[in-house]
>>> print(open('upload_21.txt').read())   # compact mmCIF, C-alpha atoms
# COMPACT_ATOMS: atom_id res chain seq x y z
CA MET A 1 11.65 44.60 168.14
CA LYS A 2 9.48 44.02 165.07
CA GLU A 3 9.20 40.35 165.98
CA LEU A 4 6.21 39.48 168.17
CA PRO A 5 5.84 35.68 168.20
CA LYS A 6 2.26 34.43 168.39
CA ILE A 7 0.35 31.17 168.43
CA GLU A 8 -3.03 31.12 166.69
CA ASN A 9 -5.74 29.00 168.33
CA ALA A 10 -3.71 28.27 171.44
CA TRP A 11 -4.00 26.99 174.99
CA LEU A 12 -2.03 28.05 178.05
CA LEU A 13 -1.72 26.46 181.48
CA VAL A 14 -1.16 28.42 184.69
CA GLN A 15 -0.01 26.72 187.89
CA ASP A 16 0.91 28.39 191.19
CA GLY A 17 0.70 31.84 189.61
CA LYS A 18 3.20 31.05 186.86
CA ILE A 19 3.07 30.04 183.21
CA SER A 20 3.43 26.28 183.24
CA ASP A 21 2.93 25.36 179.60
CA PHE A 22 1.30 26.40 176.32
CA GLY A 23 0.81 25.21 172.76
CA LYS A 24 -1.59 24.80 169.86
CA MET A 25 -5.11 23.54 170.52
CA GLU A 26 -4.52 20.60 168.20
CA ASN A 27 -1.89 19.40 170.69
CA LEU A 28 -3.93 20.07 173.84
CA PRO A 29 -3.14 17.48 176.54
CA THR A 30 -5.84 16.18 178.87
CA PHE A 31 -5.97 18.13 182.13
CA GLU A 32 -8.00 17.21 185.20
CA GLY A 33 -9.18 19.51 187.97
CA VAL A 34 -8.37 22.78 186.23
CA ASP A 35 -10.50 25.90 185.88
CA GLU A 36 -11.09 26.72 182.23
CA ILE A 37 -11.35 30.20 180.71
CA ASP A 38 -12.81 30.39 177.22
CA ALA A 39 -10.77 32.94 175.25
CA ALA A 40 -12.39 32.29 171.86
CA GLY A 41 -11.91 35.27 169.55
CA ARG A 42 -9.75 37.05 172.12
CA ILE A 43 -6.01 37.71 172.32
CA LEU A 44 -3.83 36.95 175.35
CA LEU A 45 -0.95 39.42 175.72
CA PRO A 46 1.67 39.93 178.43
CA GLY A 47 0.44 42.55 180.91
CA TRP A 48 1.72 46.09 180.47
CA ILE A 49 4.75 47.04 182.55
CA ASP A 50 5.03 50.71 183.50
CA SER A 51 8.66 51.43 184.39
CA HIS A 52 8.34 55.19 185.04
CA THR A 53 5.61 56.77 187.19
CA HIS A 54 5.08 59.32 189.94
CA LEU A 55 1.81 57.70 191.02
CA VAL A 56 2.14 58.71 194.69
CA TYR A 57 1.11 62.37 194.88
CA ALA A 58 -1.44 64.56 196.65
CA GLY A 59 -4.34 66.39 195.03
CA ASN A 60 -3.96 67.53 191.42
CA ARG A 61 -2.69 70.43 189.31
CA GLU A 62 -5.83 71.08 187.31
CA GLN A 63 -5.42 74.87 187.58
CA GLU A 64 -2.01 74.70 185.92
CA PHE A 65 -3.63 72.78 183.06
CA VAL A 66 -5.97 75.73 182.57
CA ASP A 67 -3.08 78.21 182.90
CA ARG A 68 -1.21 76.44 180.10
CA ILE A 69 -4.27 76.57 177.87
CA ASN A 70 -4.37 80.31 178.59
CA GLY A 71 -0.81 80.75 177.36
CA LEU A 72 1.57 80.25 180.28
CA THR A 73 4.57 77.97 179.65
CA TYR A 74 5.62 75.08 181.91
CA GLU A 75 8.59 77.21 183.04
CA GLU A 76 6.41 80.29 183.76
CA ILE A 77 4.05 78.18 185.86
CA ALA A 78 7.03 76.80 187.81
CA ASN A 79 8.41 80.32 188.38
CA LYS A 80 5.17 81.45 190.04
CA GLY A 81 5.20 78.59 192.56
CA GLY A 82 3.54 75.97 190.39
CA GLY A 83 4.99 72.80 189.02
CA ILE A 84 6.86 70.36 191.22
CA LEU A 85 6.99 72.80 194.16
CA ASN A 86 3.19 73.06 194.11
CA SER A 87 2.92 69.27 194.33
CA ALA A 88 5.54 69.21 197.10
CA LYS A 89 3.58 71.72 199.21
CA LYS A 90 0.38 69.70 198.85
CA LEU A 91 2.15 66.46 199.69
CA GLN A 92 3.85 67.89 202.76
CA GLU A 93 0.42 69.00 204.05
CA THR A 94 -1.24 65.63 203.37
CA SER A 95 -1.22 62.85 205.97
CA GLU A 96 0.45 59.56 205.15
CA GLU A 97 -2.89 57.74 205.45
CA GLU A 98 -4.66 60.10 203.03
CA LEU A 99 -1.72 59.96 200.61
CA TYR A 100 -1.93 56.15 200.67
CA LEU A 101 -5.69 56.18 199.97
CA GLN A 102 -5.31 58.56 197.01
CA SER A 103 -2.42 56.52 195.59
CA ALA A 104 -4.18 53.17 196.09
CA ARG A 105 -7.16 54.42 194.05
CA ARG A 106 -4.82 55.36 191.20
CA LEU A 107 -3.02 52.02 191.40
CA GLU A 108 -6.29 50.07 191.20
CA GLU A 109 -7.32 52.16 188.18
CA VAL A 110 -4.14 51.44 186.21
CA MET A 111 -4.32 47.74 187.07
CA GLN A 112 -7.78 47.61 185.50
CA MET A 113 -6.24 49.18 182.38
CA GLY A 114 -3.72 46.36 182.07
CA THR A 115 -0.70 47.47 184.13
CA THR A 116 0.69 44.38 185.87
CA ALA A 117 4.01 45.77 187.19
CA ILE A 118 4.88 49.36 188.08
CA GLU A 119 7.73 51.60 189.22
CA ILE A 120 6.85 54.55 191.49
CA LYS A 121 9.13 57.49 192.32
CA SER A 122 9.37 59.82 195.28
CA GLY A 123 10.31 63.43 194.52
CA TYR A 124 7.22 65.40 195.53
CA GLY A 125 8.38 65.56 199.15
CA LEU A 126 11.64 67.55 198.91
CA THR A 127 12.09 67.34 202.70
CA THR A 128 13.48 64.33 204.55
CA GLU A 129 10.18 63.71 206.34
CA ALA A 130 8.03 64.04 203.20
CA GLU A 131 10.33 61.96 200.96
CA LEU A 132 10.33 59.15 203.54
CA LYS A 133 6.53 59.47 203.78
CA MET A 134 6.23 58.91 200.02
CA LEU A 135 8.54 55.91 200.10
CA ARG A 136 6.62 54.39 203.04
CA VAL A 137 3.39 54.78 201.05
CA ILE A 138 5.03 52.96 198.12
CA ARG A 139 6.11 50.19 200.50
CA LYS A 140 2.55 49.88 201.84
CA LEU A 141 1.19 49.63 198.27
CA LYS A 142 3.77 46.90 197.63
CA GLU A 143 2.56 45.01 200.70
CA ASN A 144 -1.15 45.29 199.85
CA TYR A 145 -1.26 44.68 196.09
CA PRO A 146 -0.19 41.59 194.12
CA LEU A 147 1.76 43.22 191.28
CA PRO A 148 5.52 43.92 191.40
CA ILE A 149 6.17 47.49 192.58
CA LYS A 150 9.64 49.06 192.50
CA ALA A 151 10.46 52.24 194.45
CA THR A 152 12.76 54.99 193.19
CA PHE A 153 14.24 57.78 195.32
CA LEU A 154 13.96 61.01 193.30
CA GLY A 155 14.81 63.61 195.94
CA ALA A 156 16.71 65.47 193.21
CA HIS A 157 13.49 66.37 191.38
CA ALA A 158 13.60 70.14 192.01
CA LEU A 159 15.17 72.59 194.45
CA PRO A 160 12.91 73.36 197.43
CA GLN A 161 12.19 77.07 197.97
CA GLU A 162 14.35 77.22 201.10
CA TYR A 163 17.35 75.90 199.15
CA LYS A 164 16.85 78.07 196.06
CA GLU A 165 20.19 79.82 196.64
CA ASP A 166 21.92 76.81 198.21
CA LYS A 167 21.87 73.86 195.82
CA ARG A 168 25.00 72.38 197.40
CA GLY A 169 23.22 72.37 200.76
CA TYR A 170 20.27 70.49 199.30
CA LEU A 171 22.50 67.93 197.57
CA ASN A 172 24.27 67.38 200.90
CA LEU A 173 20.87 66.84 202.55
CA LEU A 174 19.98 64.21 199.92
CA ILE A 175 23.31 62.42 200.21
CA ASN A 176 24.12 62.71 203.93
CA GLU A 177 20.67 62.60 205.54
CA MET A 178 18.03 61.14 203.24
CA MET A 179 19.99 58.34 201.53
CA PRO A 180 21.31 56.76 204.76
CA LYS A 181 17.79 56.65 206.22
CA ILE A 182 16.31 55.25 203.00
CA SER A 183 19.05 52.63 202.84
CA LYS A 184 18.63 51.67 206.50
CA GLU A 185 14.87 51.15 206.10
CA GLY A 186 15.23 49.47 202.68
CA LEU A 187 12.74 51.92 201.18
CA ALA A 188 14.03 52.20 197.60
CA ASP A 189 15.43 50.09 194.78
CA TYR A 190 16.66 52.92 192.54
CA VAL A 191 18.01 56.47 192.65
CA ASP A 192 16.97 59.08 190.07
CA ILE A 193 17.68 62.74 189.24
CA PHE A 194 16.12 65.33 186.92
CA CYS A 195 19.17 66.29 184.85
CA GLU A 196 17.98 69.40 182.99
CA ASN A 197 18.68 73.12 182.61
CA GLY A 198 17.17 74.95 185.58
CA TYR A 199 17.08 71.79 187.71
CA PHE A 200 20.24 69.69 188.18
CA THR A 201 23.49 69.72 186.22
CA VAL A 202 25.60 66.86 184.90
CA ASP A 203 28.00 67.38 187.82
CA ASP A 204 25.07 67.13 190.24
CA THR A 205 24.04 63.93 188.43
CA HIS A 206 27.46 62.35 188.92
CA LYS A 207 27.30 63.16 192.66
CA ILE A 208 23.77 61.79 193.19
CA LEU A 209 24.18 58.61 191.14
CA ALA A 210 27.53 57.80 192.74
CA ALA A 211 26.14 58.39 196.25
CA GLY A 212 23.06 56.32 195.46
CA LYS A 213 25.22 53.39 194.33
CA GLU A 214 27.14 53.57 197.64
CA HIS A 215 23.77 53.04 199.38
CA GLY A 216 22.79 50.12 197.16
CA LEU A 217 20.51 52.15 194.87
CA ILE A 218 20.68 51.38 191.15
CA PRO A 219 20.74 54.54 188.95
CA LYS A 220 17.89 55.64 186.69
CA ILE A 221 17.69 59.15 185.25
CA HIS A 222 15.32 61.82 183.88
CA VAL A 223 17.27 63.23 180.96
CA ASN A 224 16.96 65.11 177.65
CA GLN A 225 13.37 66.23 178.24
CA PHE A 226 14.00 69.78 177.00
CA ASN A 227 17.75 69.93 176.32
CA SER A 228 20.69 67.64 175.62
CA ILE A 229 23.33 68.61 178.18
CA GLY A 230 25.40 65.44 178.65
CA GLY A 231 23.13 63.52 180.99
CA VAL A 232 22.91 60.46 178.74
CA GLN A 233 26.68 60.09 178.83
CA ALA A 234 26.65 60.42 182.63
CA ALA A 235 24.00 57.68 182.83
CA VAL A 236 26.11 55.35 180.69
CA GLU A 237 29.18 56.07 182.81
CA HIS A 238 27.26 55.10 185.98
CA GLU A 239 25.72 52.03 184.31
CA ALA A 240 22.18 53.28 184.85
CA LEU A 241 19.37 50.80 184.32
CA SER A 242 17.46 53.28 182.14
CA VAL A 243 17.51 56.77 180.64
CA ASP A 244 14.00 58.21 180.58
CA HIS A 245 12.29 60.98 178.53
CA LEU A 246 14.76 61.51 175.62
CA GLU A 247 12.49 63.92 173.76
CA VAL A 248 15.62 65.78 172.55
CA MET A 249 18.37 63.51 171.24
CA ASP A 250 21.63 64.52 169.57
CA PRO A 251 23.57 62.02 167.43
CA GLU A 252 26.18 61.88 170.21
CA ASP A 253 23.51 60.80 172.71
CA ILE A 254 22.43 57.92 170.51
CA GLU A 255 26.05 56.96 169.82
CA SER A 256 26.89 56.90 173.54
CA LEU A 257 24.10 54.38 174.23
CA LYS A 258 25.46 51.86 171.70
CA GLY A 259 27.11 48.92 173.40
CA SER A 260 25.82 49.94 176.84
CA GLN A 261 23.37 48.04 179.07
CA VAL A 262 21.18 51.15 179.49
CA MET A 263 17.54 50.95 178.35
CA PRO A 264 16.16 54.08 176.64
CA VAL A 265 12.60 54.81 177.84
CA ALA A 266 10.12 57.03 175.98
CA LEU A 267 7.15 58.76 177.66
CA PRO A 268 4.85 59.76 174.78
CA SER A 269 1.84 60.76 176.88
CA CYS A 270 4.03 63.45 178.49
CA SER A 271 4.84 64.82 175.01
CA PHE A 272 1.13 64.67 174.16
CA PHE A 273 0.04 66.56 177.30
CA LEU A 274 2.76 69.23 177.23
CA ALA A 275 2.80 69.57 173.41
CA ILE A 276 6.57 69.03 173.31
CA PRO A 277 8.53 66.86 170.83
CA TYR A 278 8.21 63.08 170.96
CA THR A 279 11.19 60.80 171.56
CA PRO A 280 12.71 60.08 168.12
CA ALA A 281 11.95 56.37 168.22
CA ARG A 282 12.82 55.64 164.60
CA GLU A 283 16.30 57.16 165.01
CA ILE A 284 16.91 55.19 168.20
CA LEU A 285 15.73 51.92 166.68
CA ALA A 286 17.63 52.53 163.43
CA ALA A 287 20.80 52.73 165.54
CA GLY A 288 20.18 49.17 166.72
CA LEU A 289 19.12 50.27 170.19
CA PRO A 290 16.13 48.95 172.13
CA LEU A 291 13.33 51.15 173.47
CA ALA A 292 10.83 50.86 176.31
CA LEU A 293 7.58 52.76 176.85
CA ALA A 294 6.12 54.11 180.11
CA THR A 295 3.44 56.58 181.21
CA ASP A 296 5.28 59.12 183.44
CA TYR A 297 1.98 59.23 185.40
CA ASN A 298 2.15 62.43 187.49
CA PRO A 299 -0.09 65.42 188.34
CA GLY A 300 1.76 68.05 186.30
CA SER A 301 2.86 66.75 182.93
CA THR A 302 1.04 63.41 182.51
CA PRO A 303 -2.08 62.95 184.66
CA SER A 304 -2.76 59.55 183.12
CA GLY A 305 -1.49 56.05 183.84
CA ASN A 306 -3.10 54.54 180.76
CA MET A 307 -0.54 52.28 179.07
CA ASN A 308 -3.00 51.56 176.25
CA LEU A 309 -2.85 55.25 175.30
CA VAL A 310 0.95 55.16 175.52
CA VAL A 311 1.10 52.24 173.07
CA SER A 312 -1.27 54.07 170.71
CA LEU A 313 0.75 57.30 170.86
CA ALA A 314 3.95 55.37 170.18
CA CYS A 315 2.38 54.07 166.97
CA ILE A 316 0.60 57.28 165.94
CA LYS A 317 3.19 59.90 166.89
CA MET A 318 6.50 58.03 167.13
CA LYS A 319 5.90 55.82 164.05
CA MET A 320 6.54 52.58 165.93
CA ASN A 321 4.69 49.63 164.51
CA PRO A 322 2.35 47.66 166.84
CA GLU A 323 4.86 44.86 167.36
CA GLU A 324 7.58 47.33 168.42
CA ALA A 325 5.21 49.22 170.71
CA ILE A 326 3.93 46.06 172.42
CA ASN A 327 7.47 44.78 172.95
CA ALA A 328 8.46 48.22 174.30
CA ALA A 329 5.57 48.14 176.81
CA THR A 330 6.22 44.57 177.97
CA VAL A 331 9.54 42.75 177.58
CA ASN A 332 11.73 45.88 177.27
CA ALA A 333 9.81 47.65 180.05
CA ALA A 334 10.45 44.61 182.25
CA TYR A 335 14.19 45.13 181.69
CA ALA A 336 13.81 48.81 182.71
CA MET A 337 12.33 47.58 186.02
CA GLY A 338 14.85 44.81 186.61
CA LEU A 339 12.18 42.16 186.01
CA SER A 340 13.47 40.45 182.87
CA GLU A 341 13.77 37.03 184.50
CA THR A 342 10.22 36.92 185.83
CA HIS A 343 7.94 39.22 183.79
CA GLY A 344 7.31 40.83 180.42
CA SER A 345 6.67 37.91 178.09
CA ILE A 346 4.65 34.73 177.74
CA THR A 347 7.44 32.39 178.76
CA LYS A 348 7.34 29.15 180.75
CA GLY A 349 8.25 29.87 184.36
CA LYS A 350 7.45 33.59 184.23
CA ALA A 351 4.62 35.18 186.23
CA ALA A 352 1.14 34.66 184.78
CA ASN A 353 0.49 38.37 184.29
CA PHE A 354 -1.76 38.86 181.27
CA ILE A 355 -4.21 41.03 179.42
CA LEU A 356 -7.12 39.16 177.81
CA THR A 357 -8.64 41.39 175.14
CA GLU A 358 -12.19 41.72 173.96
CA GLU A 359 -12.95 40.04 170.63
CA ILE A 360 -10.81 42.08 168.24
CA PRO A 361 -9.41 41.27 164.78
CA SER A 362 -5.71 41.60 165.71
CA TYR A 363 -3.37 43.08 168.30
CA GLY A 364 -2.80 46.00 165.92
CA PHE A 365 -6.43 46.95 166.47
CA MET A 366 -5.61 48.05 170.04
CA PRO A 367 -3.35 51.02 169.16
CA TYR A 368 -5.43 51.72 166.04
CA SER A 369 -8.71 52.12 167.93
CA PHE A 370 -7.07 54.40 170.48
CA GLY A 371 -10.16 55.81 172.19
CA ALA A 372 -11.76 52.53 173.22
CA ASN A 373 -11.05 50.02 175.95
CA HIS A 374 -10.38 46.62 174.41
CA ILE A 375 -9.38 44.88 177.64
CA HIS A 376 -11.78 42.15 178.74
CA SER A 377 -9.88 41.12 181.86
CA VAL A 378 -6.50 41.40 183.57
CA TYR A 379 -4.67 38.60 185.39
CA ILE A 380 -1.89 38.97 187.93
CA ASN A 381 -0.17 35.78 189.13
CA GLY A 382 -2.91 33.86 187.35
CA ASN A 383 -5.69 35.57 189.29
CA LYS A 384 -8.29 37.75 187.60
CA ILE A 385 -8.26 41.17 189.25
>>> encode(input="upload_21.txt", output="structure tokens")
Amino acid sequence: MKELPKIENAWLLVQDGKISDFGKMENLPTFEGVDEIDAAGRILLPGWIDSHTHLVYAGNREQEFVDRINGLTYEEIANKGGGILNSAKKLQETSEEELYLQSARRLEEVMQMGTTAIEIKSGYGLTTEAELKMLRVIRKLKENYPLPIKATFLGAHALPQEYKEDKRGYLNLLINEMMPKISKEGLADYVDIFCENGYFTVDDTHKILAAGKEHGLIPKIHVNQFNSIGGVQAAVEHEALSVDHLEVMDPEDIESLKGSQVMPVALPSCSFFLAIPYTPAREILAAGLPLALATDYNPGSTPSGNMNLVVSLACIKMKMNPEEAINAATVNAAYAMGLSETHGSITKGKAANFILTEEIPSYGFMPYSFGANHIHSVYINGNKI
């Protein structure tokens, strides 16, 4: 991951939305009838790929932010009706049209910040009607915007109030009612679960991931955010595409990922916002494992979809070098979204999804100068957005 190939003083040709060719300026062929973009002094990078977000939500949780500053813990806020259940109540009361408009504004904002492919989860519905509403909004975003969007069914995000004493009943609802409808309408690519103390157990995880696979949903998993309870091993057993969060990692967790096809995903802006530990990137990389980066954009623990900040935090707080962080936010993130063949690197035949920077001395200047916007323009399928 420390290798980030580059060509100084280069040209690149885009045709039909894809990378057609590239090389050094000294070997520039003669082209006729092409539009030219002068990138002198700038750097062309693959566009950011955000493989873990909850971008579709209603309203915000600003008051909980203030409550945490005043001393309440994340768990205490959840116990008094805040947290995920607060977001679920707001979403259930919000029309599908309004939810789409709010989400579309967020999507346009992150695209301007360099995100050129994105995964979006459900999980703030917690009823069949509201979960389907979220997934329909994601489908509408997919239809109306040019970037790849993948949908993840995260009904197992928290227990709704009415099922507080009947977890088995809620799991049955997810498996026997929601999943068949989602599968029938083709509303999701992945299935996810929040495997954590106080939410869902490892046994629950086995049930949900297995049921999801029966409905054609590839497993992903929220795991090891606060505790290591065996969720990583469950993810490996079910051949999950990714294991996400990983703020708390035991040696056994790292060992179990070796030789698997599972991509570890770190969410450093969540650690920043909640003031919890950061994913131990150096330990993961030292074990010969890959790592991807994502935002976790959501109203409660990461109200930001800024991948530039994520790359900076990975360097500043997780001690990744700029090459590792950029690879983690592009080519490895593409793997965590199932897009390796088409996105994530400057490769002939891949989608022409790029960031063109302002005039900066090097790509390392982007994470170094963390408070500034160094993006001049963003291209998706060769078109400036």
>>> atom_distance(input="upload_21.txt", atom1="CA of Arg61 (chain A)", atom2="CA of Met134 (chain A)")
18.1 Å
>>> closest_residue(input="upload_21.txt", among="A:Thr201, A:Ile118, A:Asp67, A:Thr73", to="Thr295 (chain A)", atoms="all atoms listed in the file")
A:Ile118
>>> atom_distance(input="upload_21.txt", atom1="CA of Asn353 (chain A)", atom2="CA of Leu55 (chain A)")
20.5 Å
>>> residues_near_point(input="upload_21.txt", point="(-5.9, 43.5, 186.2)", cutoff="6 Å", atoms="all atoms listed in the file", output="PyMOL selection string")
chain A and resi 111-112+114+378-379+385
>>> residues_around(input="upload_21.txt", residues="Glu131 (chain A)", least_positions_apart="4", cutoff="9 Å", atoms="all atoms listed in the file", output="count of residues only")
13
>>> atom_distance(input="upload_21.txt", atom1="CA of Ile221 (chain A)", atom2="CA of Pro290 (chain A)")
16.7 Å
>>> closest_residue(input="upload_21.txt", among="A:Glu97, A:Glu62, A:Glu3, A:Glu119", to="Met337 (chain A)", atoms="all atoms listed in the file")
A:Glu119
>>> residues_around(input="upload_21.txt", residues="region 361-366 of chain A", least_positions_apart="6", cutoff="10 Å", atoms="all atoms listed in the file", output="number ranges by chain")
A: 41-45, 308-309, 311-312, 315, 321-323, 325-326, 372-375
>>> residues_around(input="upload_21.txt", residues="region 242-246 of chain A", least_positions_apart="4", cutoff="7 Å", atoms="all atoms listed in the file", output="number ranges by chain")
A: 220-225, 232, 235, 262-267, 279, 336
>>> closest_residue(input="upload_21.txt", among="A:Gln161, A:Thr53, A:Thr302, A:Thr357", to="Ala78 (chain A)", atoms="all atoms listed in the file")
A:Gln161
>>> axis_aligned_box(input="upload_21.txt", around="region 317-322 of chain A", padding_each_side="8 Å", output="AutoDock Vina command-line options")
--center_x 4.4 --center_y 53.8 --center_z 165.6 --size_x 20.2 --size_y 28.2 --size_z 19.1
>>> closest_residue(input="upload_21.txt", among="A:Asn144, A:Gln233, A:Asn332, A:Ser345", to="Lys6 (chain A)", atoms="all atoms listed in the file")
A:Ser345
>>> residues_around(input="upload_21.txt", residues="Ala329 (chain A)", least_positions_apart="3", cutoff="6 Å", atoms="only C-alpha atoms", output="list in words")
Trp48, Ile49, Ala292, Leu293, Ile326 and Ala333 of chain A
>>> closest_residue(input="upload_21.txt", among="A:Ser183, A:Gln15, A:Ser95, A:Thr330", to="Ala352 (chain A)", atoms="only C-alpha atoms")
A:Gln15
>>> residues_around(input="upload_21.txt", residues="Gly23 (chain A)", least_positions_apart="4", cutoff="10 Å", atoms="only C-alpha atoms", output="ChimeraX atom specification")
/A:7-13,27-29
>>> residues_near_point(input="upload_21.txt", point="(13.0, 75.3, 196.1)", cutoff="12 Å", atoms="only C-alpha atoms", output="MDAnalysis selection string")
chainID A and resid 78:89 124:127 155:167 169:170 198:199
>>> closest_residue(input="upload_21.txt", among="A:Gly344, A:Pro5, A:Gly212, A:Gly288", to="Lys181 (chain A)", atoms="all atoms listed in the file")
A:Gly212
